[in-house]
>>> print(open('start-v4.txt').read())   # compact mmCIF, C-alpha atoms
# COMPACT_ATOMS: atom_id res chain seq x y z
CA MET A 1374 0.00 0.00 0.00
CA ALA A 1375 1.12 3.53 -0.72
CA LEU A 1376 1.73 6.38 1.67
CA LYS A 1377 -0.63 9.34 1.69
CA THR A 1378 0.42 12.99 2.12
CA PHE A 1379 -1.66 16.15 2.35
CA LYS A 1380 -1.52 19.67 0.93
CA PRO A 1381 0.02 22.04 3.52
CA TYR A 1382 -3.15 23.94 4.39
CA THR A 1383 -2.15 23.85 8.07
CA LYS A 1384 1.06 23.21 10.01
CA SER A 1385 -0.15 19.74 10.91
CA THR A 1386 -1.07 18.62 7.39
CA ARG A 1387 2.31 19.82 6.13
CA GLY A 1388 4.10 17.11 8.10
CA THR A 1389 1.46 14.37 8.23
CA VAL A 1390 2.16 11.08 6.41
CA VAL A 1391 -0.31 8.20 6.75
CA VAL A 1392 -0.89 4.86 5.05
CA ASP A 1393 -3.49 4.89 2.28
CA LYS A 1394 -6.30 2.56 3.40
CA SER A 1395 -8.59 3.11 0.40
CA SER A 1396 -8.41 -0.56 -0.63
CA LEU A 1397 -9.54 -1.86 2.80
CA TRP A 1398 -13.08 -2.76 3.88
CA LYS A 1399 -15.00 0.43 4.66
CA GLY A 1400 -17.86 -1.02 6.71
CA SER A 1401 -18.18 -2.20 10.30
CA PRO A 1402 -16.34 -5.30 11.59
CA TYR A 1403 -18.06 -8.71 11.69
CA LYS A 1404 -20.06 -8.27 14.91
CA PRO A 1405 -19.99 -11.87 16.31
CA LEU A 1406 -16.17 -11.67 16.32
CA THR A 1407 -16.00 -8.42 18.33
CA LYS A 1408 -16.25 -7.58 22.01
CA GLY A 1409 -16.07 -4.48 24.17
CA GLN A 1410 -12.89 -3.19 25.75
CA ASN A 1411 -12.17 -1.69 29.16
CA PHE A 1412 -9.66 1.16 29.15
CA THR A 1413 -7.64 1.56 32.35
CA GLY A 1414 -6.35 5.10 31.80
CA GLY A 1415 -2.99 3.82 33.08
CA ARG A 1416 -4.43 2.87 36.49
CA ASN A 1417 -4.14 -0.41 38.38
CA ASN A 1418 -6.82 -2.21 40.40
CA TYR A 1419 -6.29 0.26 43.28
CA GLY A 1420 -7.02 3.21 40.98
CA ARG A 1421 -3.43 4.44 41.18
CA ILE A 1422 -1.57 5.57 38.06
CA THR A 1423 1.10 2.98 37.27
CA SER A 1424 1.62 3.83 33.60
CA ARG A 1425 1.86 7.56 32.98
CA HIS A 1426 0.87 9.29 29.73
CA ILE A 1427 -2.11 6.98 29.06
CA GLY A 1428 -5.71 8.17 28.88
CA GLY A 1429 -8.52 9.27 26.61
CA GLY A 1430 -8.52 8.12 23.00
CA SER A 1431 -11.16 6.92 20.60
CA LYS A 1432 -13.47 4.14 21.71
CA HIS A 1433 -13.39 0.98 19.59
CA LYS A 1434 -14.31 -2.70 19.68
CA PHE A 1435 -11.78 -5.48 20.09
CA ARG A 1436 -11.57 -7.95 17.17
CA ILE A 1437 -11.18 -11.59 18.24
CA ILE A 1438 -8.22 -12.93 16.22
CA ASP A 1439 -7.57 -16.64 15.58
CA PHE A 1440 -3.88 -17.09 16.46
CA PHE A 1441 -4.31 -20.89 16.76
CA ARG A 1442 -5.45 -21.97 13.26
CA LYS A 1443 -6.73 -25.25 14.73
CA LYS A 1444 -9.20 -25.96 11.91
CA LYS A 1445 -7.03 -28.43 9.98
CA ASP A 1446 -7.34 -29.46 6.32
CA VAL A 1447 -10.40 -27.26 5.76
CA SER A 1448 -10.11 -24.67 3.00
CA ALA A 1449 -11.11 -21.07 3.75
CA THR A 1450 -11.78 -18.12 1.47
CA VAL A 1451 -10.64 -14.58 2.23
CA GLU A 1452 -13.82 -12.51 2.39
CA ARG A 1453 -12.24 -9.09 2.99
CA ILE A 1454 -9.20 -7.26 4.39
CA GLU A 1455 -9.90 -4.90 7.30
CA TYR A 1456 -8.19 -2.25 9.42
CA ASP A 1457 -7.84 -3.15 13.10
CA PRO A 1458 -7.46 -0.25 15.57
CA ASN A 1459 -5.91 -2.61 18.15
CA ARG A 1460 -2.81 -3.56 16.12
CA THR A 1461 -0.52 -2.24 13.40
CA ALA A 1462 -1.15 -5.16 11.02
CA TYR A 1463 -4.28 -5.54 8.91
CA ILE A 1464 -6.65 -8.45 9.54
CA ALA A 1465 -8.47 -10.72 7.12
CA LEU A 1466 -11.99 -12.10 7.59
CA ILE A 1467 -12.02 -15.68 6.29
CA THR A 1468 -14.94 -18.07 5.73
CA TYR A 1469 -14.39 -21.84 5.98
CA GLU A 1470 -16.19 -24.39 3.81
CA ASP A 1471 -18.56 -25.11 6.73
CA LYS A 1472 -19.51 -21.36 6.80
CA GLU A 1473 -17.62 -20.65 10.04
CA LYS A 1474 -15.89 -17.26 10.02
CA SER A 1475 -12.76 -16.03 11.79
CA TYR A 1476 -10.25 -13.19 11.75
CA ILE A 1477 -6.56 -13.85 11.10
CA ILE A 1478 -3.48 -11.63 10.88
CA CYS A 1479 -3.31 -10.67 7.20
CA PRO A 1480 0.00 -11.42 5.45
CA GLN A 1481 1.35 -9.21 2.69
CA GLY A 1482 0.05 -10.23 -0.75
CA LEU A 1483 -3.13 -11.93 0.48
CA LYS A 1484 -6.14 -10.72 -1.52
CA GLN A 1485 -9.92 -11.01 -1.38
CA GLY A 1486 -11.05 -14.35 -2.83
CA ASP A 1487 -7.77 -16.19 -2.10
CA LYS A 1488 -7.93 -19.71 -0.64
CA ILE A 1489 -5.93 -20.54 2.51
CA GLU A 1490 -5.59 -23.67 4.60
CA SER A 1491 -4.02 -24.98 7.79
CA GLY A 1492 -2.60 -28.44 8.38
CA LYS A 1493 -0.03 -30.97 7.24
CA ASN A 1494 -1.37 -31.15 3.68
CA ALA A 1495 -1.36 -27.38 3.10
CA GLU A 1496 0.82 -25.97 0.30
CA ILE A 1497 3.75 -23.64 0.94
CA ARG A 1498 1.74 -20.56 0.01
CA VAL A 1499 1.15 -17.15 1.61
CA GLY A 1500 -1.48 -17.39 4.36
CA ASN A 1501 -1.24 -21.16 4.86
CA SER A 1502 -0.35 -22.41 8.34
CA LEU A 1503 1.85 -25.48 8.87
CA GLU A 1504 4.06 -27.07 11.51
CA LEU A 1505 7.62 -25.76 11.33
CA LYS A 1506 8.99 -29.21 10.43
CA ASP A 1507 6.87 -29.15 7.23
CA ILE A 1508 8.21 -25.75 6.08
CA PRO A 1509 11.41 -25.66 3.97
CA PRO A 1510 14.43 -23.74 5.40
CA GLY A 1511 14.80 -20.16 4.21
CA THR A 1512 11.05 -19.48 4.21
CA LEU A 1513 9.75 -16.23 5.72
CA ILE A 1514 7.03 -16.94 8.29
CA HIS A 1515 4.97 -15.07 10.91
CA ASN A 1516 2.53 -15.75 13.79
CA VAL A 1517 4.82 -18.48 15.16
CA GLU A 1518 4.04 -20.46 18.30
CA LEU A 1519 6.54 -20.83 21.15
CA ILE A 1520 4.72 -23.83 22.66
CA PRO A 1521 2.77 -26.30 20.46
CA GLY A 1522 -0.96 -25.53 20.56
CA ASN A 1523 -0.49 -22.31 22.54
CA GLY A 1524 -1.25 -19.91 19.68
CA GLY A 1525 1.06 -17.67 17.65
CA LYS A 1526 3.22 -15.31 19.72
CA LEU A 1527 6.12 -14.25 17.49
CA ALA A 1528 6.08 -11.84 14.50
CA ARG A 1529 2.54 -10.43 14.63
CA SER A 1530 3.15 -6.70 14.09
CA ALA A 1531 3.10 -4.85 10.76
CA GLY A 1532 5.86 -5.80 8.33
CA SER A 1533 7.49 -8.33 10.67
CA SER A 1534 8.67 -11.81 9.74
CA ILE A 1535 10.92 -14.65 10.92
CA THR A 1536 13.40 -16.61 8.80
CA LEU A 1537 13.35 -20.37 9.29
CA SER A 1538 17.10 -21.11 9.19
CA GLY A 1539 17.13 -24.89 9.63
CA TYR A 1540 16.59 -27.76 12.05
CA ASP A 1541 18.39 -29.28 15.02
CA GLY A 1542 16.79 -32.54 16.13
CA ASP A 1543 13.28 -31.85 17.40
CA TYR A 1544 13.82 -28.09 17.15
CA ALA A 1545 13.58 -25.53 14.35
CA ILE A 1546 16.13 -22.70 14.31
CA LEU A 1547 14.52 -19.28 13.86
CA ARG A 1548 16.15 -15.93 13.16
CA LEU A 1549 13.96 -13.14 14.56
CA SER A 1550 13.82 -9.59 13.22
CA SER A 1551 15.50 -8.38 16.45
CA GLY A 1552 18.63 -10.34 15.47
CA GLU A 1553 18.02 -13.08 18.04
CA THR A 1554 18.49 -16.67 16.92
CA ARG A 1555 16.60 -19.27 18.92
CA LYS A 1556 15.26 -22.82 18.87
CA VAL A 1557 11.54 -23.58 18.87
CA ASN A 1558 9.86 -26.99 18.95
CA SER A 1559 9.36 -28.07 15.33
CA SER A 1560 5.75 -29.10 16.13
CA CYS A 1561 4.82 -25.43 16.60
CA LEU A 1562 2.72 -23.76 13.93
CA GLY A 1563 3.89 -20.94 11.70
CA THR A 1564 2.13 -19.05 8.90
CA ILE A 1565 3.79 -18.48 5.53
CA GLY A 1566 4.54 -14.89 4.52
CA VAL A 1567 5.38 -11.44 5.89
CA VAL A 1568 2.83 -9.51 7.96
CA SER A 1569 0.89 -6.85 6.03
CA ASN A 1570 1.23 -3.05 6.22
CA PRO A 1571 5.04 -2.70 6.01
CA ASP A 1572 4.65 1.10 5.51
CA GLN A 1573 3.52 1.47 9.13
CA LYS A 1574 7.10 2.44 10.07
CA ASN A 1575 6.98 5.45 7.70
CA ILE A 1576 3.94 7.11 9.31
CA LYS A 1577 4.44 10.65 10.64
CA ILE A 1578 1.88 11.68 13.25
CA GLY A 1579 1.94 15.34 12.17
CA LYS A 1580 0.24 16.79 15.25
CA ALA A 1581 -0.16 16.10 18.96
CA GLY A 1582 -3.92 15.67 18.59
CA ARG A 1583 -3.55 12.46 16.61
CA ASN A 1584 -1.64 10.94 19.52
CA ARG A 1585 -4.49 11.98 21.83
CA TRP A 1586 -6.93 10.11 19.56
CA ARG A 1587 -4.77 7.03 20.15
CA GLY A 1588 -4.93 7.37 23.94
CA LYS A 1589 -1.45 8.86 24.42
CA ARG A 1590 -1.25 11.83 26.78
CA PRO A 1591 1.61 14.39 26.88
CA GLN A 1592 4.89 13.28 28.44
CA THR A 1593 6.92 15.70 30.57
CA ARG A 1594 10.72 15.44 30.47
CA GLY A 1595 12.39 14.62 33.77
CA VAL A 1596 14.91 17.50 33.40
CA ALA A 1597 11.99 19.96 33.31
CA MET A 1598 10.77 18.80 36.75
CA ASN A 1599 11.80 19.56 40.32
CA PRO A 1600 14.07 17.18 42.29
CA VAL A 1601 11.07 16.03 44.36
CA ASP A 1602 9.37 14.77 41.19
CA HIS A 1603 12.23 13.17 39.23
CA PRO A 1604 15.92 12.26 39.71
CA HIS A 1605 16.78 14.46 36.69
CA GLY A 1606 15.00 17.49 38.13
CA GLY A 1607 16.44 20.71 39.55
CA GLY A 1608 19.71 22.51 38.87
CA GLU A 1609 20.53 26.03 37.75
CA GLY A 1610 19.59 26.70 34.15
CA LYS A 1611 19.32 23.81 31.73
CA THR A 1612 21.09 20.75 33.14
CA SER A 1613 20.89 17.06 32.36
CA GLY A 1614 20.38 16.06 35.96
CA GLY A 1615 24.06 15.44 36.76
CA ARG A 1616 23.70 11.66 36.69
CA SER A 1617 23.21 8.80 34.27
CA PRO A 1618 19.69 8.60 32.78
CA VAL A 1619 17.19 6.82 35.00
CA SER A 1620 13.45 6.33 35.32
CA PRO A 1621 11.47 8.35 37.91
CA TRP A 1622 12.09 5.46 40.32
CA GLY A 1623 15.84 5.30 39.78
CA GLN A 1624 16.11 2.35 37.37
CA SER A 1625 18.83 2.78 34.75
CA ALA A 1626 17.67 3.74 31.26
CA LYS A 1627 20.93 2.63 29.65
CA GLY A 1628 20.38 -1.06 29.05
CA LEU A 1629 20.08 -2.53 32.55
CA LYS A 1630 18.98 -6.14 32.13
CA THR A 1631 15.66 -6.69 33.90
CA ARG A 1632 14.66 -9.98 32.24
CA ARG A 1633 14.32 -12.76 34.80
CA PRO A 1634 15.98 -16.11 34.01
CA LYS A 1635 13.58 -18.43 32.19
CA ARG A 1636 13.61 -22.11 31.33
CA SER A 1637 13.64 -21.17 27.65
CA ASP A 1638 16.97 -19.31 28.01
CA LYS A 1639 18.82 -22.47 26.97
CA LEU A 1640 16.98 -22.35 23.61
CA ILE A 1641 18.41 -18.92 22.73
CA ILE A 1642 21.46 -19.40 20.51
CA THR A 1643 22.44 -15.74 20.04
CA ARG A 1644 20.91 -12.77 21.84
CA ARG A 1645 19.25 -9.88 20.02
CA LYS A 1646 21.33 -6.95 18.80
CA LYS A 1647 22.25 -4.38 21.43
CA ARG A 1648 21.05 -0.82 21.10
CA LYS A 1649 23.63 1.67 19.89
>>> encode(input="start-v4.txt", output="C-alpha cells")
Amino acid sequence: MALKTFKPYTKSTRGTVVVDKSSLWKGSPYKPLTKGQNFTGGRNNYGRITSRHIGGGSKHKFRIIDFFRKKKDVSATVERIEYDPNRTAYIALITYEDKEKSYIICPQGLKQGDKIESGKNAEIRVGNSLELKDIPPGTLIHNVELIPGNGGKLARSAGSSITLSGYDGDYAILRLSSGETRKVNSSCLGTIGVVSNPDQKNIKIGKAGRNRWRGKRPQTRGVAMNPVDHPHGGGEGKTSGGRSPVSPWGQSAKGLKTRRPKRSDKLIITRRKKRK
C-alpha cells in the first residue's frame, strides 16, 4: 500500500504522512467476532496511576483474532481485508467451507477471494499455516508459536517476519527480526509470509492531537521537573540532571537487564542486537 500525504493547508497537514487505506473494507467489523474493551487510563486495580501518559482516546471494539489456526485441512476463502485499531497489522476475515468465520493476521500479498488452509497437507503458500517441520528452510514466516498448541506469539506486528534457518533434532532454528536466533519446537505452527502493512514504520503523526486520539497523553521530560518529582530534576539553568539517565524510580535507562531467568533461556542461541 502507498503512503498518503496532504496539501500544507495547516502546520499539521504539512508534516502528516499516513498509510493509504482506500483498498480496505469500509464497513463495520463482523459483529460476532468483536467484544467491548475496558480502558484503564494507566491505572491499576487500586485506581493508582502505574503507567503515565495513558488516557482518553477513541473508543473501539476489540476484534477476536484466531492465532491458533486449529481448523485443519479445511479450505477457507478470504472474504475481505480490514483495518484493526488494536494492532498495526491488517486483519483478514475468512470463511471456511462449513460457513464458520474467523479473523486472522493478514500477510502481505493476500487478496480477497484467495484460498488458505491450515494443516499438514497445506501448500507452501502465503497465508497457509503449517508445523515448522513441514516448512522448507529459508522461508519467511509469521505468527509463530513458542509452545505447540499455545497460539502464535512471534512476529505479529506490521511488516514483521521470521526466517526459518534450519533444524536441530526436534527443534527448528529461527532468526527473529531483532537479530536473536533461537530454537523452537518443530511441532509449533507458523504461517507463511510477511505480515501486512510494512509502511507502518513510515507514518508521521503530524500533530499532537492524533496521539491523543490514540490514547497517548503528553509526556513531561524529567529534566523539566523539580528534584522532588524526578531524579533528573532541579539545577541552575538547563542541566541534564548530573547523573546517568534513570526512570522516575531510579532504574537505569541505559540497558540494565531486567529480564528474569527463564527455562527457555537455553533455547536462545544468540541474543538480540544491542542498542547503539
>>> closest_atom_pairs(input="start-v4.txt", of="range 1484-1587 of chain A", to="range 1444-1458 of chain A", cutoff="12 Å", atoms="all atoms listed in the file", output="JSON lines")
{"residue": "A:Lys1484", "atom": "CA", "partner": "A:Val1451", "partner_atom": "CA", "distance": 7.0}
{"residue": "A:Gln1485", "atom": "CA", "partner": "A:Val1451", "partner_atom": "CA", "distance": 5.1}
{"residue": "A:Gly1486", "atom": "CA", "partner": "A:Val1451", "partner_atom": "CA", "distance": 5.1}
{"residue": "A:Asp1487", "atom": "CA", "partner": "A:Val1451", "partner_atom": "CA", "distance": 5.4}
{"residue": "A:Lys1488", "atom": "CA", "partner": "A:Thr1450", "partner_atom": "CA", "distance": 4.7}
{"residue": "A:Ile1489", "atom": "CA", "partner": "A:Ala1449", "partner_atom": "CA", "distance": 5.4}
{"residue": "A:Glu1490", "atom": "CA", "partner": "A:Ser1448", "partner_atom": "CA", "distance": 4.9}
{"residue": "A:Ser1491", "atom": "CA", "partner": "A:Lys1445", "partner_atom": "CA", "distance": 5.1}
{"residue": "A:Gly1492", "atom": "CA", "partner": "A:Lys1445", "partner_atom": "CA", "distance": 4.7}
{"residue": "A:Lys1493", "atom": "CA", "partner": "A:Asp1446", "partner_atom": "CA", "distance": 7.5}
{"residue": "A:Asn1494", "atom": "CA", "partner": "A:Asp1446", "partner_atom": "CA", "distance": 6.7}
{"residue": "A:Ala1495", "atom": "CA", "partner": "A:Asp1446", "partner_atom": "CA", "distance": 7.1}
{"residue": "A:Glu1496", "atom": "CA", "partner": "A:Asp1446", "partner_atom": "CA", "distance": 10.7}
{"residue": "A:Gly1500", "atom": "CA", "partner": "A:Val1451", "partner_atom": "CA", "distance": 9.8}
{"residue": "A:Asn1501", "atom": "CA", "partner": "A:Ser1448", "partner_atom": "CA", "distance": 9.7}
{"residue": "A:Ser1502", "atom": "CA", "partner": "A:Lys1445", "partner_atom": "CA", "distance": 9.1}
{"residue": "A:Leu1503", "atom": "CA", "partner": "A:Lys1445", "partner_atom": "CA", "distance": 9.4}
{"residue": "A:Glu1504", "atom": "CA", "partner": "A:Lys1445", "partner_atom": "CA", "distance": 11.3}
{"residue": "A:Gly1522", "atom": "CA", "partner": "A:Lys1444", "partner_atom": "CA", "distance": 12.0}
{"residue": "A:Ser1530", "atom": "CA", "partner": "A:Asp1457", "partner_atom": "CA", "distance": 11.6}
{"residue": "A:Ala1531", "atom": "CA", "partner": "A:Asp1457", "partner_atom": "CA", "distance": 11.3}
{"residue": "A:Leu1562", "atom": "CA", "partner": "A:Lys1445", "partner_atom": "CA", "distance": 11.5}
{"residue": "A:Ser1569", "atom": "CA", "partner": "A:Ile1454", "partner_atom": "CA", "distance": 10.2}
{"residue": "A:Asn1570", "atom": "CA", "partner": "A:Tyr1456", "partner_atom": "CA", "distance": 10.0}
{"residue": "A:Trp1586", "atom": "CA", "partner": "A:Pro1458", "partner_atom": "CA", "distance": 11.1}
{"residue": "A:Arg1587", "atom": "CA", "partner": "A:Pro1458", "partner_atom": "CA", "distance": 9.0}
>>> residues_near_point(input="start-v4.txt", point="(-0.3, -17.4, 21.9)", cutoff="12 Å", atoms="all atoms listed in the file", output="JSON, numbers by chain")
{"A": [1438, 1439, 1440, 1441, 1442, 1516, 1517, 1518, 1519, 1520, 1521, 1522, 1523, 1524, 1525, 1526, 1527, 1528, 1529, 1561, 1562, 1563]}
>>> atom_distance(input="start-v4.txt", atom1="CA of Asn1575 in chain A", atom2="CA of Val1390 in chain A")
7.5 Å
>>> closest_residue(input="start-v4.txt", among="A:Arg1632, A:His1515, A:Arg1644, A:Arg1590", to="Lys1556 in chain A", atoms="only C-alpha atoms")
A:Arg1644
>>> residues_around(input="start-v4.txt", residues="Ala1597 in chain A", least_positions_apart="6", cutoff="12 Å", atoms="all atoms listed in the file", output="list of chain:residue names")
A:His1603, A:Pro1604, A:His1605, A:Gly1606, A:Gly1607, A:Gly1608, A:Glu1609, A:Gly1610, A:Lys1611, A:Thr1612, A:Ser1613, A:Gly1614
>>> atom_distance(input="start-v4.txt", atom1="CA of Ser1401 in chain A", atom2="CA of Glu1470 in chain A")
23.2 Å
>>> build_atoms(input="start-v4.txt", residues="range 1481-1510 of chain A", atoms="N, CA and C atoms", output="compact mmCIF listing (two decimals), keeping the file's coordinate frame")
# COMPACT_ATOMS: atom_id res chain seq x y z
N GLN A 1481 1.19 -10.05 3.87
CA GLN A 1481 1.35 -9.21 2.69
C GLN A 1481 1.12 -10.05 1.43
N GLY A 1482 0.32 -9.52 0.51
CA GLY A 1482 0.05 -10.23 -0.75
C GLY A 1482 -1.23 -11.04 -0.74
N LEU A 1483 -1.86 -11.21 0.43
CA LEU A 1483 -3.13 -11.93 0.48
C LEU A 1483 -4.25 -11.02 -0.02
N LYS A 1484 -5.09 -11.54 -0.91
CA LYS A 1484 -6.14 -10.72 -1.52
C LYS A 1484 -7.52 -11.34 -1.30
N GLN A 1485 -8.55 -10.53 -1.49
CA GLN A 1485 -9.92 -11.01 -1.38
C GLN A 1485 -10.16 -12.11 -2.41
N GLY A 1486 -10.77 -13.22 -1.94
CA GLY A 1486 -11.05 -14.35 -2.83
C GLY A 1486 -10.00 -15.43 -2.80
N ASP A 1487 -8.83 -15.18 -2.19
CA ASP A 1487 -7.77 -16.19 -2.10
C ASP A 1487 -8.20 -17.33 -1.19
N LYS A 1488 -7.67 -18.53 -1.46
CA LYS A 1488 -7.93 -19.71 -0.64
C LYS A 1488 -6.73 -19.94 0.28
N ILE A 1489 -7.00 -20.20 1.57
CA ILE A 1489 -5.93 -20.54 2.51
C ILE A 1489 -6.34 -21.78 3.29
N GLU A 1490 -5.34 -22.40 3.91
CA GLU A 1490 -5.59 -23.67 4.60
C GLU A 1490 -4.57 -23.84 5.72
N SER A 1491 -4.92 -24.66 6.69
CA SER A 1491 -4.02 -24.98 7.79
C SER A 1491 -3.94 -26.50 7.93
N GLY A 1492 -2.74 -27.00 8.20
CA GLY A 1492 -2.60 -28.44 8.38
C GLY A 1492 -1.41 -29.01 7.63
N LYS A 1493 -1.20 -30.30 7.81
CA LYS A 1493 -0.03 -30.97 7.24
C LYS A 1493 -0.06 -31.00 5.72
N ASN A 1494 -1.26 -31.02 5.13
CA ASN A 1494 -1.37 -31.15 3.68
C ASN A 1494 -1.42 -29.79 2.96
N ALA A 1495 -1.28 -28.71 3.71
CA ALA A 1495 -1.36 -27.38 3.10
C ALA A 1495 -0.12 -27.10 2.25
N GLU A 1496 -0.30 -26.35 1.17
CA GLU A 1496 0.82 -25.97 0.30
C GLU A 1496 1.66 -24.88 0.97
N ILE A 1497 2.89 -24.74 0.47
CA ILE A 1497 3.75 -23.64 0.94
C ILE A 1497 3.34 -22.40 0.16
N ARG A 1498 2.32 -21.71 0.69
CA ARG A 1498 1.74 -20.56 0.01
C ARG A 1498 1.36 -19.52 1.05
N VAL A 1499 1.42 -18.25 0.67
CA VAL A 1499 1.15 -17.15 1.61
C VAL A 1499 -0.22 -17.32 2.27
N GLY A 1500 -0.24 -17.27 3.59
CA GLY A 1500 -1.48 -17.39 4.36
C GLY A 1500 -1.73 -18.77 4.91
N ASN A 1501 -1.05 -19.79 4.38
CA ASN A 1501 -1.24 -21.16 4.86
C ASN A 1501 -0.42 -21.38 6.13
N SER A 1502 -0.98 -22.16 7.05
CA SER A 1502 -0.35 -22.41 8.34
C SER A 1502 0.05 -23.88 8.45
N LEU A 1503 1.34 -24.12 8.77
CA LEU A 1503 1.85 -25.48 8.87
C LEU A 1503 2.75 -25.60 10.10
N GLU A 1504 3.06 -26.86 10.48
CA GLU A 1504 4.06 -27.07 11.51
C GLU A 1504 5.43 -26.71 10.94
N LEU A 1505 6.31 -26.23 11.80
CA LEU A 1505 7.62 -25.76 11.33
C LEU A 1505 8.41 -26.87 10.63
N LYS A 1506 8.23 -28.12 11.05
CA LYS A 1506 8.99 -29.21 10.43
C LYS A 1506 8.54 -29.48 8.99
N ASP A 1507 7.37 -28.96 8.59
CA ASP A 1507 6.87 -29.15 7.23
C ASP A 1507 7.18 -27.96 6.33
N ILE A 1508 7.88 -26.96 6.85
CA ILE A 1508 8.21 -25.75 6.08
C ILE A 1508 9.67 -25.81 5.67
N PRO A 1509 10.01 -25.58 4.40
CA PRO A 1509 11.41 -25.66 3.97
C PRO A 1509 12.26 -24.53 4.56
N PRO A 1510 13.54 -24.79 4.87
CA PRO A 1510 14.43 -23.74 5.40
C PRO A 1510 14.54 -22.56 4.44
